[in-house]
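*Asks:* Here it is, the structure in full.
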Amino acid sequence: MTEPIGRRELFRRGGKKITEAASQIAAAKTARRAEGWIRPPFALDELEFLVCCTRCDKCIEACPHDVLFALPTRAGRYATGTPAMDLSRRGCHLCADWPCVTACEPDALTLPAEKPDSSSSSPRLAIATIDQATCLPYSGPECGACASACPVPGALIWEGGVRPVIDQEHCTGCALCREACITDPKAIKISAILSEEKTVADA
Ligand code: SF4
Ligand code: SF4
């Protein structure tokens, strides 16, 4: 026969459940807020990242392509000063030696145990999509400005040899195609990965 649970144990278990629920809500809120920006390659999950990042700017200084910037105060008091990627302005070169990541002393950015090579196991940074209303070959004129910009095999396909199509299975969202695009506004749109999609992609 099982022993009845004492009041103290009941409170302890209840308290633990409340703490777990509260941290799940906090994590979900933090993840939703983070959909407004794109973290550097190999960033920890948002909540862990906020705890780990010392706002030292070393990753920003280490990036040779000037892709990273510190979030301004409007990002909120927890995220202010933490690094994000400005992929609307420049593309990430998925540097073979990941200088931004290796510059991070507290491992808020951290390579997987097996160091990836830049072409086959790059992290998914963002979502790139083609705006067919703006992309020239979709309305007639020839263009190949982005054709050779993509560093990831199979991510930018040239449909029928005339127009670009992005394969989301392979695309990392590095935005080098956007940088190469000659239209104004750019025909390649970059957006942050939503938390649900991140969960699917990470699964
Ligand atoms: S991988 Fe290279 S280009 Fe991309 S953010 Fe890091 S240092 Fe900059
Ligand atoms: S190097 Fe690491 S700790 Fe420093 S700002 Fe970048 S992510 Fe944060």
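Following the order of the structure tokens, chains are lettered A, B, ..., residues in each are numbered from 1, and ligands are numbered from 1.
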Report as an MDAnalysis selection string: the residues of region 36-111 of chain A with a DSSP assignment of strand (DSSP E), based on the backbone of this structure.

*Replies:* chainID A and resid 68:70 83:85

*Asks:* Excluding region 150-152 of chain A and residues on its chain fewer than 2 positions from it, collect all residues at most 7 Å away from it, counting only C-alpha atoms, and give them as a PyMOL selection string.

*Replies:* chain A and resi 119+148+154-156+171+176-177

*Asks:* Could you list the protein, DNA and RNA residues that have any atom within 7 Å of ligand 1, counting only C-alpha atoms and all ligand atoms, and write them as a list of chain:residue names?

*Replies:*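 Result of the 7 Å neighbour search around ligand 1: A:Pro40, A:Pro41, A:Ala62, A:Cys63, A:Pro64, A:His65, A:Asp66, A:Val67, A:Leu68, A:Met85, A:Cys92, A:His93, A:Leu94, A:Cys95, A:Trp98, A:Pro99, A:Cys100, A:Val101.
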
*Asks:* Restrict the selected residues to C-alpha atoms and save them as a PDB file, in the first residue's frame.

*Replies:*
ATOM      1  CA  PRO A  40      24.370  35.004 -35.479  1.00  0.00           C
ATOM      2  CA  PRO A  41      25.291  31.483 -36.651  1.00  0.00           C
ATOM      3  CA  ALA A  62      35.288  39.442 -35.639  1.00  0.00           C
ATOM      4  CA  CYS A  63      32.916  39.426 -38.608  1.00  0.00           C
ATOM      5  CA  PRO A  64      34.952  40.390 -41.694  1.00  0.00           C
ATOM      6  CA  HIS A  65      31.808  41.148 -43.692  1.00  0.00           C
ATOM      7  CA  ASP A  66      30.164  43.547 -41.268  1.00  0.00           C
ATOM      8  CA  VAL A  67      26.989  41.479 -41.031  1.00  0.00           C
ATOM      9  CA  LEU A  68      26.474  41.698 -37.272  1.00  0.00           C
ATOM     10  CA  MET A  85      22.443  39.790 -38.224  1.00  0.00           C
ATOM     11  CA  CYS A  92      26.565  36.070 -44.381  1.00  0.00           C
ATOM     12  CA  HIS A  93      29.482  34.331 -46.128  1.00  0.00           C
ATOM     13  CA  LEU A  94      29.148  31.231 -43.914  1.00  0.00           C
ATOM     14  CA  CYS A  95      32.892  31.626 -43.303  1.00  0.00           C
ATOM     15  CA  TRP A  98      33.300  30.813 -38.351  1.00  0.00           C
ATOM     16  CA  PRO A  99      35.228  33.787 -36.834  1.00  0.00           C
ATOM     17  CA  CYS A 100      32.097  35.179 -35.135  1.00  0.00           C
ATOM     18  CA  VAL A 101      31.503  31.875 -33.362  1.00  0.00           C
TER      19      VAL A 101
END

*Asks:* Using only C-alpha atoms and all ligand atoms, which residues have at least one atom no more than 10 Å from ligand 2? Output them as a ChimeraX atom specification.

*Replies:* /A:39-44,49-62,68-70,81-84,99-110

*Asks:* Have a look at A:Gly173, A:Gly76, A:Pro164, A:Pro123 and name the one nearest to Arg90 (chain A); count only C-alpha atoms.

*Replies:*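 Closest to Arg90 (chain A) of all the choices is A:Gly173.
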
*Asks:* With only C-alpha atoms as the counted atoms, please give the residues lying no more than 6 Å from region 178-183 of chain A, apart from itself and same-chain residues fewer than 3 positions off, as number ranges by chain.

*Replies:* A: 90-91, 145-146, 175, 186, 188

*Asks:* Take the selection from the previous step and output its residues with N, CA and C atoms, as a CSV table (one decimal), in the first residue's frame.

*Replies:*
chain,number,residue,atom,x,y,z
A,90,ARG,N,23.5,43.0,-46.0
A,90,ARG,CA,24.6,42.1,-46.5
A,90,ARG,C,24.3,40.7,-46.2
A,91,GLY,N,24.9,39.8,-47.0
A,91,GLY,CA,24.8,38.4,-46.8
A,91,GLY,C,25.9,37.8,-45.9
A,145,ALA,N,21.7,37.9,-62.0
A,145,ALA,CA,22.5,38.6,-61.0
A,145,ALA,C,22.8,37.7,-59.8
A,146,CYS,N,21.8,37.0,-59.4
A,146,CYS,CA,22.0,36.2,-58.2
A,146,CYS,C,22.5,34.7,-58.5
A,175,ALA,N,21.4,35.0,-47.4
A,175,ALA,CA,21.1,36.3,-48.0
A,175,ALA,C,22.2,36.8,-49.0
A,186,LYS,N,14.7,44.9,-53.5
A,186,LYS,CA,15.2,43.6,-53.8
A,186,LYS,C,14.1,42.6,-53.9
A,188,ILE,N,14.5,39.4,-53.4
A,188,ILE,CA,14.7,38.3,-52.4
A,188,ILE,C,14.4,38.8,-51.0

*Asks:* Rounded to one decimal in Å, what is the spacing between CA of Pro141 (chain A) and CA of Ile157 (chain A)?

*Replies:*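 About the pair CA of Pro141 (chain A) and CA of Ile157 (chain A): they are 17.9 Å apart.
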
*Asks:* Considering only C-alpha atoms, state which residue in the set A:Cys135, A:Ile38, A:Ala149, A:Ala187 is at the smallest distance from Arg163 (chain A).

*Replies:*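 Of the candidates, the smallest distance to Arg163 (chain A) is held by A:Cys135.
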
*Asks:* At what distance in Å, to one decimal, does CA of Asp45 (chain A) lie from CA of Ala79 (chain A)?

*Replies:*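 Taking CA of Ala79 (chain A) and CA of Asp45 (chain A), their separation equals 13.2 Å.
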
*Asks:* Mind pulling up the distance from CA of Lys189 (chain A) to CA of Tyr138 (chain A)?

*Replies:* 15.3 Å

*Asks:* Show me, as a PDB file with N, CA and C atoms, in the first residue's frame, the residues that have an atom within 10 Å of Ile127 (chain A) when counting only C-alpha atoms, minus same-chain residues fewer than 2 positions from it.

*Replies:*
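Generated file (out38.pdb):
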ATOM      1  N   ARG A 124      20.850  26.945 -40.290  1.00  0.00           N
ATOM      2  CA  ARG A 124      19.793  27.680 -40.983  1.00  0.00           C
ATOM      3  C   ARG A 124      19.630  29.015 -40.259  1.00  0.00           C
ATOM      4  N   LEU A 125      19.879  30.090 -40.963  1.00  0.00           N
ATOM      5  CA  LEU A 125      19.887  31.406 -40.323  1.00  0.00           C
ATOM      6  C   LEU A 125      18.539  32.107 -40.427  1.00  0.00           C
ATOM      7  N   THR A 129      12.943  34.118 -49.550  1.00  0.00           N
ATOM      8  CA  THR A 129      11.883  33.833 -50.528  1.00  0.00           C
ATOM      9  C   THR A 129      11.999  34.808 -51.692  1.00  0.00           C
ATOM     10  N   ILE A 166      14.015  29.014 -54.990  1.00  0.00           N
ATOM     11  CA  ILE A 166      14.770  28.648 -53.778  1.00  0.00           C
ATOM     12  C   ILE A 166      14.252  27.332 -53.231  1.00  0.00           C
ATOM     13  N   GLN A 168      13.858  25.345 -50.155  1.00  0.00           N
ATOM     14  CA  GLN A 168      13.917  25.588 -48.705  1.00  0.00           C
ATOM     15  C   GLN A 168      14.604  24.446 -47.942  1.00  0.00           C
ATOM     16  N   CYS A 171      18.308  25.733 -48.515  1.00  0.00           N
ATOM     17  CA  CYS A 171      18.659  27.146 -48.288  1.00  0.00           C
ATOM     18  C   CYS A 171      18.945  27.409 -46.805  1.00  0.00           C
ATOM     19  N   THR A 172      20.033  28.144 -46.540  1.00  0.00           N
ATOM     20  CA  THR A 172      20.378  28.503 -45.161  1.00  0.00           C
ATOM     21  C   THR A 172      19.853  29.894 -44.807  1.00  0.00           C
ATOM     22  N   GLY A 173      19.412  30.658 -45.816  1.00  0.00           N
ATOM     23  CA  GLY A 173      18.959  32.028 -45.561  1.00  0.00           C
ATOM     24  C   GLY A 173      20.128  32.984 -45.369  1.00  0.00           C
ATOM     25  N   CYS A 174      21.270  32.676 -45.999  1.00  0.00           N
ATOM     26  CA  CYS A 174      22.469  33.511 -45.796  1.00  0.00           C
ATOM     27  C   CYS A 174      22.327  34.900 -46.410  1.00  0.00           C
ATOM     28  N   ALA A 175      21.424  35.037 -47.389  1.00  0.00           N
ATOM     29  CA  ALA A 175      21.108  36.332 -48.012  1.00  0.00           C
ATOM     30  C   ALA A 175      22.156  36.825 -49.012  1.00  0.00           C
ATOM     31  N   ILE A 188      14.537  39.384 -53.393  1.00  0.00           N
ATOM     32  CA  ILE A 188      14.667  38.281 -52.428  1.00  0.00           C
ATOM     33  C   ILE A 188      14.356  38.845 -51.043  1.00  0.00           C
ATOM     34  N   LYS A 189      13.416  38.251 -50.375  1.00  0.00           N
ATOM     35  CA  LYS A 189      13.008  38.694 -49.037  1.00  0.00           C
ATOM     36  C   LYS A 189      13.618  37.743 -48.001  1.00  0.00           C
ATOM     37  N   ILE A 190      14.066  38.324 -46.895  1.00  0.00           N
ATOM     38  CA  ILE A 190      14.656  37.519 -45.819  1.00  0.00           C
ATOM     39  C   ILE A 190      13.818  37.715 -44.564  1.00  0.00           C
ATOM     40  N   SER A 191      13.406  36.629 -43.941  1.00  0.00           N
ATOM     41  CA  SER A 191      12.651  36.778 -42.692  1.00  0.00           C
ATOM     42  C   SER A 191      13.188  35.822 -41.632  1.00  0.00           C
ATOM     43  N   ALA A 192      12.925  36.188 -40.381  1.00  0.00           N
ATOM     44  CA  ALA A 192      13.378  35.347 -39.261  1.00  0.00           C
ATOM     45  C   ALA A 192      12.589  34.035 -39.254  1.00  0.00           C
ATOM     46  N   ILE A 193      13.201  33.010 -38.732  1.00  0.00           N
ATOM     47  CA  ILE A 193      12.517  31.711 -38.622  1.00  0.00           C
ATOM     48  C   ILE A 193      11.587  31.773 -37.412  1.00  0.00           C
ATOM     49  N   LEU A 194      10.323  31.449 -37.620  1.00  0.00           N
ATOM     50  CA  LEU A 194       9.375  31.475 -36.504  1.00  0.00           C
ATOM     51  C   LEU A 194       9.682  30.341 -35.543  1.00  0.00           C
TER      52      LEU A 194
END

*Asks:* Let's see if you can do this: from backbone DSSP, list all helix (DSSP H, G or I) residues in region 73-184 of chain A, as number ranges by chain.

*Replies:* A: 73-75, 99-102, 136-138, 176-180

*Asks:* I need the chosen residues saved as a PDB file, in the first residue's frame, with C-alpha atoms.

*Replies:*
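Written file, part_4.pdb:
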ATOM      1  CA  THR A  73      17.381  49.748 -26.891  1.00  0.00           C
ATOM      2  CA  ARG A  74      14.019  49.355 -28.631  1.00  0.00           C
ATOM      3  CA  ALA A  75      14.673  45.567 -28.655  1.00  0.00           C
ATOM      4  CA  PRO A  99      35.228  33.787 -36.834  1.00  0.00           C
ATOM      5  CA  CYS A 100      32.097  35.179 -35.135  1.00  0.00           C
ATOM      6  CA  VAL A 101      31.503  31.875 -33.362  1.00  0.00           C
ATOM      7  CA  THR A 102      35.078  31.210 -32.320  1.00  0.00           C
ATOM      8  CA  LEU A 136      12.810  40.298 -63.388  1.00  0.00           C
ATOM      9  CA  PRO A 137      12.728  36.873 -65.123  1.00  0.00           C
ATOM     10  CA  TYR A 138       9.236  36.234 -63.702  1.00  0.00           C
ATOM     11  CA  LEU A 176      24.043  36.422 -50.448  1.00  0.00           C
ATOM     12  CA  CYS A 177      21.498  36.130 -53.284  1.00  0.00           C
ATOM     13  CA  ARG A 178      19.662  39.142 -51.868  1.00  0.00           C
ATOM     14  CA  GLU A 179      22.900  41.112 -51.722  1.00  0.00           C
ATOM     15  CA  ALA A 180      23.543  40.280 -55.400  1.00  0.00           C
TER      16      ALA A 180
END
